[in-house]
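As stored in target.pdb (PDB, C-alpha atoms and all ligand atoms):
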MODEL        1
ATOM      1  CA  MET A   1      -3.463  16.757 -16.838
ATOM      2  CA  SER A   2      -4.852  19.567 -14.730
ATOM      3  CA  ASN A   3      -4.984  17.475 -11.544
ATOM      4  CA  ASN A   4      -1.795  15.563 -12.458
ATOM      5  CA  ILE A   5      -3.821  12.378 -11.903
ATOM      6  CA  GLU A   6      -5.923  12.239 -15.078
ATOM      7  CA  GLY A   7      -4.367   9.972 -17.698
ATOM      8  CA  LYS A   8      -1.856   8.411 -15.322
ATOM      9  CA  VAL A   9      -1.455   4.648 -15.163
ATOM     10  CA  VAL A  10      -1.503   3.515 -11.528
ATOM     11  CA  VAL A  11      -0.745   0.005 -10.278
ATOM     12  CA  ILE A  12      -2.124  -0.791  -6.811
ATOM     13  CA  THR A  13      -1.310  -3.917  -4.821
ATOM     14  CA  GLY A  14      -3.811  -4.967  -2.173
ATOM     15  CA  ALA A  15      -6.611  -3.427  -4.226
ATOM     16  CA  SER A  16      -9.261  -5.960  -3.201
ATOM     17  CA  SER A  17     -10.249  -4.128   0.003
ATOM     18  CA  GLY A  18      -9.530  -1.272   2.372
ATOM     19  CA  LEU A  19      -7.019   1.379   1.438
ATOM     20  CA  GLY A  20      -6.199  -0.081  -1.971
ATOM     21  CA  GLU A  21      -9.819  -0.328  -3.031
ATOM     22  CA  ALA A  22     -10.637   3.203  -1.840
ATOM     23  CA  THR A  23      -7.599   4.552  -3.685
ATOM     24  CA  ALA A  24      -8.569   2.762  -6.891
ATOM     25  CA  ARG A  25     -12.026   4.298  -6.710
ATOM     26  CA  LEU A  26     -10.792   7.845  -6.068
ATOM     27  CA  LEU A  27      -8.002   7.822  -8.661
ATOM     28  CA  CYS A  28     -10.259   6.258 -11.283
ATOM     29  CA  ALA A  29     -12.845   8.966 -10.634
ATOM     30  CA  GLU A  30     -10.061  11.528 -11.140
ATOM     31  CA  GLY A  31      -9.273  10.039 -14.563
ATOM     32  CA  ALA A  32      -6.416   7.609 -13.852
ATOM     33  CA  SER A  33      -6.216   4.120 -15.348
ATOM     34  CA  VAL A  34      -5.995   1.735 -12.413
ATOM     35  CA  VAL A  35      -4.441  -1.713 -12.449
ATOM     36  CA  LEU A  36      -5.615  -3.773  -9.507
ATOM     37  CA  GLY A  37      -3.535  -6.517  -7.914
ATOM     38  CA  ALA A  38      -4.562  -8.885  -5.094
ATOM     39  CA  ARG A  39      -5.122 -12.592  -4.516
ATOM     40  CA  ARG A  40      -8.925 -12.459  -4.295
ATOM     41  CA  HIS A  41      -9.641 -12.383  -8.005
ATOM     42  CA  ASP A  42     -13.423 -12.125  -7.626
ATOM     43  CA  ARG A  43     -13.054  -8.912  -5.617
ATOM     44  CA  ILE A  44     -10.699  -7.102  -8.002
ATOM     45  CA  GLN A  45     -12.550  -8.399 -11.050
ATOM     46  CA  SER A  46     -15.830  -7.058  -9.783
ATOM     47  CA  LEU A  47     -14.245  -3.725  -8.796
ATOM     48  CA  ALA A  48     -12.659  -3.397 -12.260
ATOM     49  CA  GLY A  49     -16.027  -4.240 -13.828
ATOM     50  CA  GLU A  50     -17.768  -1.631 -11.708
ATOM     51  CA  LEU A  51     -15.218   1.061 -12.550
ATOM     52  CA  THR A  52     -15.217   0.360 -16.291
ATOM     53  CA  GLY A  53     -19.031   0.205 -16.169
ATOM     54  CA  ILE A  54     -19.110   3.865 -15.138
ATOM     55  CA  GLY A  55     -16.634   4.912 -17.824
ATOM     56  CA  GLY A  56     -13.347   4.402 -15.971
ATOM     57  CA  LYS A  57     -10.270   2.506 -17.074
ATOM     58  CA  ALA A  58      -9.413  -0.485 -14.871
ATOM     59  CA  LEU A  59      -7.782  -3.863 -15.154
ATOM     60  CA  ALA A  60      -7.637  -6.703 -12.615
ATOM     61  CA  VAL A  61      -4.624  -8.996 -12.401
ATOM     62  CA  THR A  62      -4.583 -11.736  -9.770
ATOM     63  CA  THR A  63      -1.386 -11.215  -7.804
ATOM     64  CA  ASP A  64       0.264 -12.668  -4.740
ATOM     65  CA  VAL A  65       2.957 -10.151  -3.795
ATOM     66  CA  THR A  66       5.062 -12.836  -2.128
ATOM     67  CA  HIS A  67       5.878 -14.067  -5.625
ATOM     68  CA  CYS A  68       8.249 -11.761  -7.477
ATOM     69  CA  ASP A  69       7.194 -13.119 -10.880
ATOM     70  CA  GLN A  70       3.527 -12.381 -10.153
ATOM     71  CA  VAL A  71       4.251  -8.759  -9.216
ATOM     72  CA  LYS A  72       6.290  -8.401 -12.424
ATOM     73  CA  ARG A  73       3.370  -9.834 -14.378
ATOM     74  CA  LEU A  74       1.047  -7.275 -12.765
ATOM     75  CA  VAL A  75       3.254  -4.363 -13.794
ATOM     76  CA  ASP A  76       3.929  -5.828 -17.239
ATOM     77  CA  ALA A  77       0.155  -6.131 -17.758
ATOM     78  CA  ALA A  78      -0.243  -2.440 -16.903
ATOM     79  CA  VAL A  79       2.355  -1.454 -19.491
ATOM     80  CA  GLN A  80       0.999  -3.835 -22.135
ATOM     81  CA  THR A  81      -2.564  -2.602 -21.649
ATOM     82  CA  PHE A  82      -2.090   1.099 -21.011
ATOM     83  CA  GLY A  83       1.366   1.760 -22.505
ATOM     84  CA  ARG A  84       3.280   2.835 -19.391
ATOM     85  CA  ILE A  85       3.320   2.870 -15.594
ATOM     86  CA  ASP A  86       3.240   6.235 -13.875
ATOM     87  CA  VAL A  87       2.584   5.250 -10.266
ATOM     88  CA  MET A  88       3.290   2.066  -8.312
ATOM     89  CA  ILE A  89       1.448   1.827  -4.999
ATOM     90  CA  ASN A  90       2.944  -0.918  -2.825
ATOM     91  CA  ASN A  91       0.042  -1.234  -0.447
ATOM     92  CA  ALA A  92      -0.622  -4.959   0.186
ATOM     93  CA  GLY A  93      -0.029  -5.858   3.813
ATOM     94  CA  LEU A  94      -1.244  -7.640   6.907
ATOM     95  CA  MET A  95      -1.029  -7.043  10.655
ATOM     96  CA  PRO A  96      -1.308 -10.239  12.721
ATOM     97  CA  GLN A  97      -0.138  -8.629  15.942
ATOM     98  CA  SER A  98       0.828 -10.700  18.962
ATOM     99  CA  PRO A  99       3.389 -10.495  21.774
ATOM    100  CA  LEU A 100       6.722 -12.058  20.862
ATOM    101  CA  ASP A 101       6.396 -14.724  23.546
ATOM    102  CA  ARG A 102       3.490 -16.274  21.638
ATOM    103  CA  ILE A 103       6.225 -17.354  19.173
ATOM    104  CA  ARG A 104       4.029 -16.984  16.082
ATOM    105  CA  VAL A 105       6.916 -17.631  13.718
ATOM    106  CA  ASP A 106       4.496 -18.413  10.879
ATOM    107  CA  GLU A 107       2.979 -14.929  11.196
ATOM    108  CA  TRP A 108       6.381 -13.242  11.519
ATOM    109  CA  ASP A 109       7.396 -14.911   8.268
ATOM    110  CA  ARG A 110       4.151 -13.875   6.584
ATOM    111  CA  MET A 111       4.542 -10.218   7.611
ATOM    112  CA  ILE A 112       8.119 -10.155   6.398
ATOM    113  CA  ASP A 113       7.103 -11.785   3.112
ATOM    114  CA  VAL A 114       4.140  -9.521   2.368
ATOM    115  CA  ASN A 115       4.957  -6.239   4.116
ATOM    116  CA  ILE A 116       8.660  -6.071   3.224
ATOM    117  CA  LYS A 117       9.438  -8.455   0.376
ATOM    118  CA  GLY A 118       6.155  -7.600  -1.366
ATOM    119  CA  VAL A 119       7.203  -3.924  -1.410
ATOM    120  CA  LEU A 120      10.645  -4.840  -2.732
ATOM    121  CA  TYR A 121       9.095  -6.940  -5.490
ATOM    122  CA  GLY A 122       6.909  -3.979  -6.428
ATOM    123  CA  ILE A 123       9.981  -1.776  -6.671
ATOM    124  CA  ALA A 124      11.766  -4.449  -8.726
ATOM    125  CA  ALA A 125       8.858  -4.643 -11.166
ATOM    126  CA  ALA A 126       8.255  -0.909 -11.615
ATOM    127  CA  LEU A 127      11.748   0.574 -11.475
ATOM    128  CA  PRO A 128      13.064  -0.665 -14.853
ATOM    129  CA  TYR A 129      10.085   0.914 -16.674
ATOM    130  CA  MET A 130      10.308   4.154 -14.713
ATOM    131  CA  LYS A 131      14.067   4.413 -15.291
ATOM    132  CA  GLN A 132      13.480   4.042 -19.004
ATOM    133  CA  GLN A 133      10.615   6.554 -18.999
ATOM    134  CA  LYS A 134      12.687   8.956 -16.884
ATOM    135  CA  ALA A 135       9.480   9.495 -14.918
ATOM    136  CA  GLY A 136       7.400   7.750 -12.328
ATOM    137  CA  HIS A 137       6.208   7.728  -8.751
ATOM    138  CA  ILE A 138       6.572   4.931  -6.213
ATOM    139  CA  ILE A 139       4.261   5.114  -3.201
ATOM    140  CA  ASN A 140       4.932   2.718  -0.322
ATOM    141  CA  VAL A 141       2.578   2.147   2.588
ATOM    142  CA  SER A 142       4.100   2.179   6.051
ATOM    143  CA  SER A 143       2.124   2.951   9.228
ATOM    144  CA  VAL A 144       2.186   4.866  12.485
ATOM    145  CA  ALA A 145       3.863   1.585  13.508
ATOM    146  CA  GLY A 146       6.671   2.600  11.149
ATOM    147  CA  HIS A 147       7.326   5.463  13.573
ATOM    148  CA  LYS A 148       6.409   3.901  16.927
ATOM    149  CA  VAL A 149       7.023   0.536  18.555
ATOM    150  CA  GLY A 150       4.973  -0.880  21.396
ATOM    151  CA  PRO A 151       4.300  -4.136  23.183
ATOM    152  CA  GLY A 152       2.438  -6.626  21.011
ATOM    153  CA  PHE A 153       3.356  -5.239  17.625
ATOM    154  CA  ALA A 154       7.140  -5.517  17.445
ATOM    155  CA  VAL A 155       7.237  -7.527  14.222
ATOM    156  CA  TYR A 156       4.574  -5.475  12.437
ATOM    157  CA  ALA A 157       6.408  -2.310  13.505
ATOM    158  CA  ALA A 158       9.694  -3.799  12.298
ATOM    159  CA  THR A 159       8.219  -4.426   8.850
ATOM    160  CA  LYS A 160       6.788  -0.916   8.666
ATOM    161  CA  HIS A 161      10.066   0.652   9.854
ATOM    162  CA  ALA A 162      11.715  -1.355   7.077
ATOM    163  CA  VAL A 163       9.313   0.139   4.529
ATOM    164  CA  ARG A 164      10.310   3.643   5.629
ATOM    165  CA  ALA A 165      14.013   2.797   5.479
ATOM    166  CA  LEU A 166      13.618   1.324   2.009
ATOM    167  CA  SER A 167      11.617   4.298   0.844
ATOM    168  CA  GLU A 168      14.268   6.758   2.023
ATOM    169  CA  GLY A 169      17.024   4.760   0.324
ATOM    170  CA  LEU A 170      14.961   4.572  -2.831
ATOM    171  CA  ARG A 171      14.310   8.308  -2.723
ATOM    172  CA  GLN A 172      18.022   9.045  -2.692
ATOM    173  CA  GLU A 173      18.880   6.572  -5.441
ATOM    174  CA  VAL A 174      16.243   7.432  -8.048
ATOM    175  CA  LYS A 175      16.991  11.135  -8.334
ATOM    176  CA  PRO A 176      18.835  10.656 -11.664
ATOM    177  CA  TYR A 177      15.726   9.095 -13.169
ATOM    178  CA  ASN A 178      13.262  11.805 -12.218
ATOM    179  CA  ILE A 179      11.242   9.390 -10.090
ATOM    180  CA  ARG A 180       9.211  10.612  -7.138
ATOM    181  CA  THR A 181       8.862   8.573  -3.930
ATOM    182  CA  THR A 182       6.283   8.854  -1.184
ATOM    183  CA  VAL A 183       5.852   6.829   1.968
ATOM    184  CA  ILE A 184       2.443   7.118   3.603
ATOM    185  CA  SER A 185       2.004   6.171   7.260
ATOM    186  CA  PRO A 186      -1.629   5.917   8.322
ATOM    187  CA  GLY A 187      -2.975   5.547  11.827
ATOM    188  CA  ALA A 188      -6.150   3.522  12.432
ATOM    189  CA  VAL A 189      -8.242   3.410   9.275
ATOM    190  CA  ALA A 190     -11.403   1.310   8.973
ATOM    191  CA  THR A 191     -10.519  -1.638   6.715
ATOM    192  CA  GLU A 192     -10.338  -5.424   6.963
ATOM    193  CA  LEU A 193      -6.843  -5.182   8.484
ATOM    194  CA  PRO A 194      -7.877  -6.153  12.050
ATOM    195  CA  ASN A 195      -9.209  -9.431  10.596
ATOM    196  CA  SER A 196      -5.600 -10.526  10.061
ATOM    197  CA  VAL A 197      -5.089 -10.741  13.844
ATOM    198  CA  THR A 198      -5.456 -14.390  14.893
ATOM    199  CA  GLU A 199      -4.706 -14.385  18.638
ATOM    200  CA  PRO A 200      -8.243 -14.082  20.124
ATOM    201  CA  ASP A 201      -7.416 -11.718  23.013
ATOM    202  CA  VAL A 202      -5.370  -9.419  20.770
ATOM    203  CA  ALA A 203      -8.026  -9.518  18.046
ATOM    204  CA  GLU A 204     -10.727  -8.500  20.499
ATOM    205  CA  ARG A 205      -8.700  -5.516  21.703
ATOM    206  CA  ILE A 206      -7.804  -4.351  18.213
ATOM    207  CA  HIS A 207     -11.328  -4.688  16.840
ATOM    208  CA  LYS A 208     -12.589  -2.606  19.771
ATOM    209  CA  PHE A 209      -9.878   0.027  19.214
ATOM    210  CA  TYR A 210     -10.700   0.263  15.494
ATOM    211  CA  GLU A 211     -14.444   0.429  16.140
ATOM    212  CA  GLU A 212     -13.864   3.340  18.510
ATOM    213  CA  ILE A 213     -11.506   5.523  16.506
ATOM    214  CA  ALA A 214     -10.833   4.370  12.939
ATOM    215  CA  ILE A 215     -11.444   6.867  10.136
ATOM    216  CA  PRO A 216     -12.683   6.045   6.605
ATOM    217  CA  ALA A 217     -10.356   4.591   3.953
ATOM    218  CA  GLU A 218     -10.918   7.645   1.749
ATOM    219  CA  SER A 219      -8.590   9.516   4.130
ATOM    220  CA  PHE A 220      -5.734   7.438   2.725
ATOM    221  CA  ALA A 221      -6.929   7.773  -0.860
ATOM    222  CA  ARG A 222      -6.915  11.560  -0.497
ATOM    223  CA  ALA A 223      -3.323  11.458   0.808
ATOM    224  CA  VAL A 224      -2.303   9.505  -2.300
ATOM    225  CA  ALA A 225      -4.133  11.981  -4.526
ATOM    226  CA  PHE A 226      -2.421  14.882  -2.744
ATOM    227  CA  ALA A 227       1.053  13.448  -3.349
ATOM    228  CA  MET A 228       0.295  12.578  -6.970
ATOM    229  CA  SER A 229      -1.329  15.875  -7.815
ATOM    230  CA  GLN A 230       1.669  18.041  -6.962
ATOM    231  CA  PRO A 231       3.571  19.485  -9.918
ATOM    232  CA  GLU A 232       6.141  16.989 -11.241
ATOM    233  CA  ASP A 233       9.049  18.926  -9.698
ATOM    234  CA  VAL A 234       7.499  18.615  -6.229
ATOM    235  CA  ASP A 235       8.253  15.336  -4.452
ATOM    236  CA  VAL A 236       6.140  14.756  -1.332
ATOM    237  CA  ASN A 237       8.286  12.166   0.422
ATOM    238  CA  GLU A 238       6.425  11.405   3.609
ATOM    239  CA  ILE A 239       2.875  11.668   4.914
ATOM    240  CA  LEU A 240       1.886  10.632   8.448
ATOM    241  CA  PHE A 241      -1.763  10.951   9.415
ATOM    242  CA  ARG A 242      -4.015   9.620  12.181
ATOM    243  CA  PRO A 243      -7.556   9.874  13.405
ATOM    244  CA  THR A 244      -7.738  13.120  15.346
ATOM    245  CA  ARG A 245      -8.582  11.074  18.449
ATOM    246  CA  GLN A 246      -5.673   8.619  18.127
ATOM    247  CA  GLU A 247      -3.052   8.997  20.831
ATOM    248  CA  LEU A 248      -0.405   6.431  19.758
TER     249      LEU A 248
HETATM  250  N1  LIG B   1      -6.019   0.138   8.104
HETATM  251  C1  LIG B   1      -5.104   0.647   8.909
HETATM  252  O1  LIG B   1      -5.398   1.073  10.033
HETATM  253  C2  LIG B   1      -3.678   0.753   8.463
HETATM  254  C3  LIG B   1      -2.808   1.554   9.192
HETATM  255  C4  LIG B   1      -1.482   1.644   8.808
HETATM  256  C5  LIG B   1      -1.036   0.949   7.702
HETATM  257  N2  LIG B   1      -1.907   0.151   7.007
HETATM  258  C6  LIG B   1      -1.389  -0.596   5.870
HETATM  259  O2  LIG B   1      -2.224  -0.380   4.767
HETATM  260  C7  LIG B   1      -2.064  -1.457   3.850
HETATM  261  C8  LIG B   1      -3.423  -1.902   3.354
HETATM  262  O3  LIG B   1      -4.136  -2.490   4.414
HETATM  263  P1  LIG B   1      -5.684  -2.231   4.672
HETATM  264  O4  LIG B   1      -5.790  -1.454   5.926
HETATM  265  O5  LIG B   1      -6.350  -1.712   3.467
HETATM  266  O6  LIG B   1      -6.174  -3.724   5.048
HETATM  267  P2  LIG B   1      -7.070  -4.777   4.252
HETATM  268  O7  LIG B   1      -8.430  -4.225   4.018
HETATM  269  O8  LIG B   1      -6.937  -6.041   5.022
HETATM  270  O9  LIG B   1      -6.328  -4.907   2.857
HETATM  271  C9  LIG B   1      -5.121  -5.602   2.716
HETATM  272  C10 LIG B   1      -4.903  -5.849   1.247
HETATM  273  O10 LIG B   1      -3.644  -6.525   1.103
HETATM  274  C11 LIG B   1      -3.848  -7.602   0.228
HETATM  275  N3  LIG B   1      -2.903  -8.693   0.467
HETATM  276  C12 LIG B   1      -2.614  -9.337   1.618
HETATM  277  N4  LIG B   1      -1.714 -10.308   1.392
HETATM  278  C13 LIG B   1      -1.426 -10.267   0.063
HETATM  279  C14 LIG B   1      -0.593 -10.999  -0.793
HETATM  280  N5  LIG B   1       0.153 -12.013  -0.344
HETATM  281  N6  LIG B   1      -0.560 -10.683  -2.103
HETATM  282  C15 LIG B   1      -1.333  -9.679  -2.581
HETATM  283  N7  LIG B   1      -2.138  -8.936  -1.833
HETATM  284  C16 LIG B   1      -2.191  -9.241  -0.519
HETATM  285  C17 LIG B   1      -5.281  -8.055   0.439
HETATM  286  O11 LIG B   1      -5.768  -8.690  -0.734
HETATM  287  P3  LIG B   1      -6.021 -10.259  -0.917
HETATM  288  O12 LIG B   1      -6.330 -10.827   0.443
HETATM  289  O13 LIG B   1      -7.169 -10.316  -1.857
HETATM  290  O14 LIG B   1      -4.767 -10.779  -1.523
HETATM  291  C18 LIG B   1      -5.988  -6.718   0.628
HETATM  292  O15 LIG B   1      -6.357  -6.178  -0.601
HETATM  293  C19 LIG B   1      -1.268  -2.521   4.591
HETATM  294  O16 LIG B   1       0.077  -2.473   4.163
HETATM  295  C20 LIG B   1      -1.370  -2.100   6.027
HETATM  296  O17 LIG B   1      -0.288  -2.545   6.814
HETATM  297  C21 LIG B   1      -3.210   0.056   7.347
ENDMDL
END

Entire entry expressed as C-alpha cells:
Amino acid sequence: MSNNIEGKVVVITGASSGLGEATARLLCAEGASVVLGARRHDRIQSLAGELTGIGGKALAVTTDVTHCDQVKRLVDAAVQTFGRIDVMINNAGLMPQSPLDRIRVDEWDRMIDVNIKGVLYGIAAALPYMKQQKAGHIINVSSVAGHKVGPGFAVYAATKHAVRALSEGLRQEVKPYNIRTTVISPGAVATELPNSVTEPDVAERIHKFYEEIAIPAESFARAVAFAMSQPEDVDVNEILFRPTRQEL
C-alpha cells in the first residue's frame, strides 16, 4: 500500500455524478475497490462497468440515503463483496437554495433528509464495521457554506454547518477505535449541483456564478486522495478549498 489508497475498500454515496463520480474514478485508478451508491442505478451501473472494464474493482448498489436501511445495505454489500470497509465517503447532497421567505418547506425537509440524515445514516452503517476492524476513515462532505452563511442559502448552510459539527463530534469519539475522520468543504466545483435549484431567479444566478468560476470535480477527488494517502497515524481532519477566484 505505497499510496495508502491501493487495496482499500471505499464506499461513496452520491457516486452517480459530480464529486462522487470523480472520486470513484481517481481512487479506482489508484487501486482502491470502489462501492458506488446513488439512486440513478443506470449511472452507477455504467460507471462500475466502465471501471471494471479497465481492470478496476467496482460495485454499484442503488441507494437512497434518506433510507437508513438502504445505506446499511450499501455498506453491507461492500463488506460482503470485498471483505471490509476502509473508507466511507458521505457525499450525497443537494443545494436547492432560496430565500427563507419563499417558504420552500419541501426543499428544507429534503436538504435536512439528504445532507444531514444521509450523513448520519452513513456513519451508522460504517461505524460498527470500523469499530470491529479497529481501523477506518469516515469522510464527510460539507461546503464553504459550512463556514459561511449568506442571504438565500440559510438552510443549505445550516445543513453543511451540521455536517461539520457532526464530523468534529465523531472525530473526538472514535479515537479509541483508530478511526480517522475528515470533513471536506469545497467552494464552487463544476457538477450537477446547481440543477437542484428550483426557484428560477436563483437558479439563473447560481448557474451563471458556476459557469464563471467553478473548478473541475477532480479538485475534490485529489483532496480525498490527499487525506487518505497520509500515513495511518496522520489524521487530516479538515480541508477547505475554493476556486482561486472565489471571494465568498
Ligand atoms: N459542487 C459544488 O460546488 C459543491 C460545493 C460544496 C459542497 N458540495 C457538496 O458535494 C456533494 C456532492 O455534490 P455534487 O457537487 O457532486 O453535485 P451533483 O453532481 O448534483 O451530485 C449529487 C449526488 O448526490 C446524489 N444524491 C442526491 N440525493 C440523493 C439521495 N436521496 N440518495 C442518494 N444519493 C443522492 C446524486 O445521485 P442520484 O441523484 O443518482 O441519487 C448525485 O450523485 C454534496 O453534498 C454537495 O452539497 C458541492

Among listed residues A:Val234, A:Ala38, A:Leu120, A:Val174, nearest ligand LIG 1 (chain B) (using only C-alpha atoms and all ligand atoms):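 Ranking A:Val234, A:Ala38, A:Leu120, A:Val174 by distance to ligand LIG 1 (chain B), first place goes to A:Ala38.
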
Contact residues around Arg40 in chain A with all atoms listed in the file at 10 Å, ignoring same-chain residues under 4 positions, as a list in words: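 Listing them by chain and then by number gives Gly14, Ala15, Ser16, Ser17, Ile44, Gln45, Val61, Thr62, Thr63 and Asp64 of chain A.
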
Residues returned when the PyMOL selection byres (((chain A and resi 74) around 8) and not hetatm) runs on this file, as JSON, numbers by chain: {"A": [11, 35, 37, 61, 62, 63, 70, 71, 72, 73, 75, 76, 77, 78]}

Nearest to ligand LIG 1 (chain B) by atom-to-atom distance, counting all atoms listed in the file, from A:Gly7, A:Gly18, A:Gly152, A:Gly31: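 Under the stated criterion, the closest residue is A:Gly18.
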
Nearby residues (only C-alpha atoms) at most 12 Å from His67 in chain A, same-chain spacing under 6 positions excluded, as a ChimeraX atom specification: /A:38-39,73-74,113-114,117-122,124-125

Matched chain/residue IDs from the PyMOL selection byres (((chain A and resi 51) around 12) and not hetatm), as a VMD selection string: chain A and resid 21 to 22 24 to 36 44 to 50 52 to 60

For Glu199 in chain A: contacts at 9 Å, only C-alpha atoms, fewer than 5 positions along chain excluded, given as a list in words: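 What passes the distance filter is Pro96, Gln97, Ser98, Arg102 and Glu204 of chain A.
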
Residue nearest Ile89 in chain A among A:Gln172, A:Thr191, A:Asn3, A:Thr182 (counting all atoms listed in the file):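 Among the listed residues, the smallest separation from Ile89 in chain A belongs to A:Thr182.
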
Pick from A:Glu218, A:Gly150, A:Ser196, A:Glu168, whichever lies nearest to Leu100 in chain A using all atoms listed in the file: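 Under the stated criterion, the closest residue is A:Gly150.
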
Which residue of A:Ala190, A:Ala157, A:Leu127, A:Val9 approaches ligand LIG 1 (chain B) most closely, using only C-alpha atoms and all ligand atoms: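 Between A:Ala190, A:Ala157, A:Leu127, A:Val9, the residue approaching ligand LIG 1 (chain B) most closely is A:Ala190.
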
Given the PyMOL selection byres (((chain A and resi 131) around 10) and not hetatm), the residues it picks as a count of residues only: 15

Selected residue, from A:Lys8, A:His207, A:His137, A:Arg43, that lies nearest to ligand LIG 1 (chain B) when counting only C-alpha atoms and all ligand atoms: A:Arg43
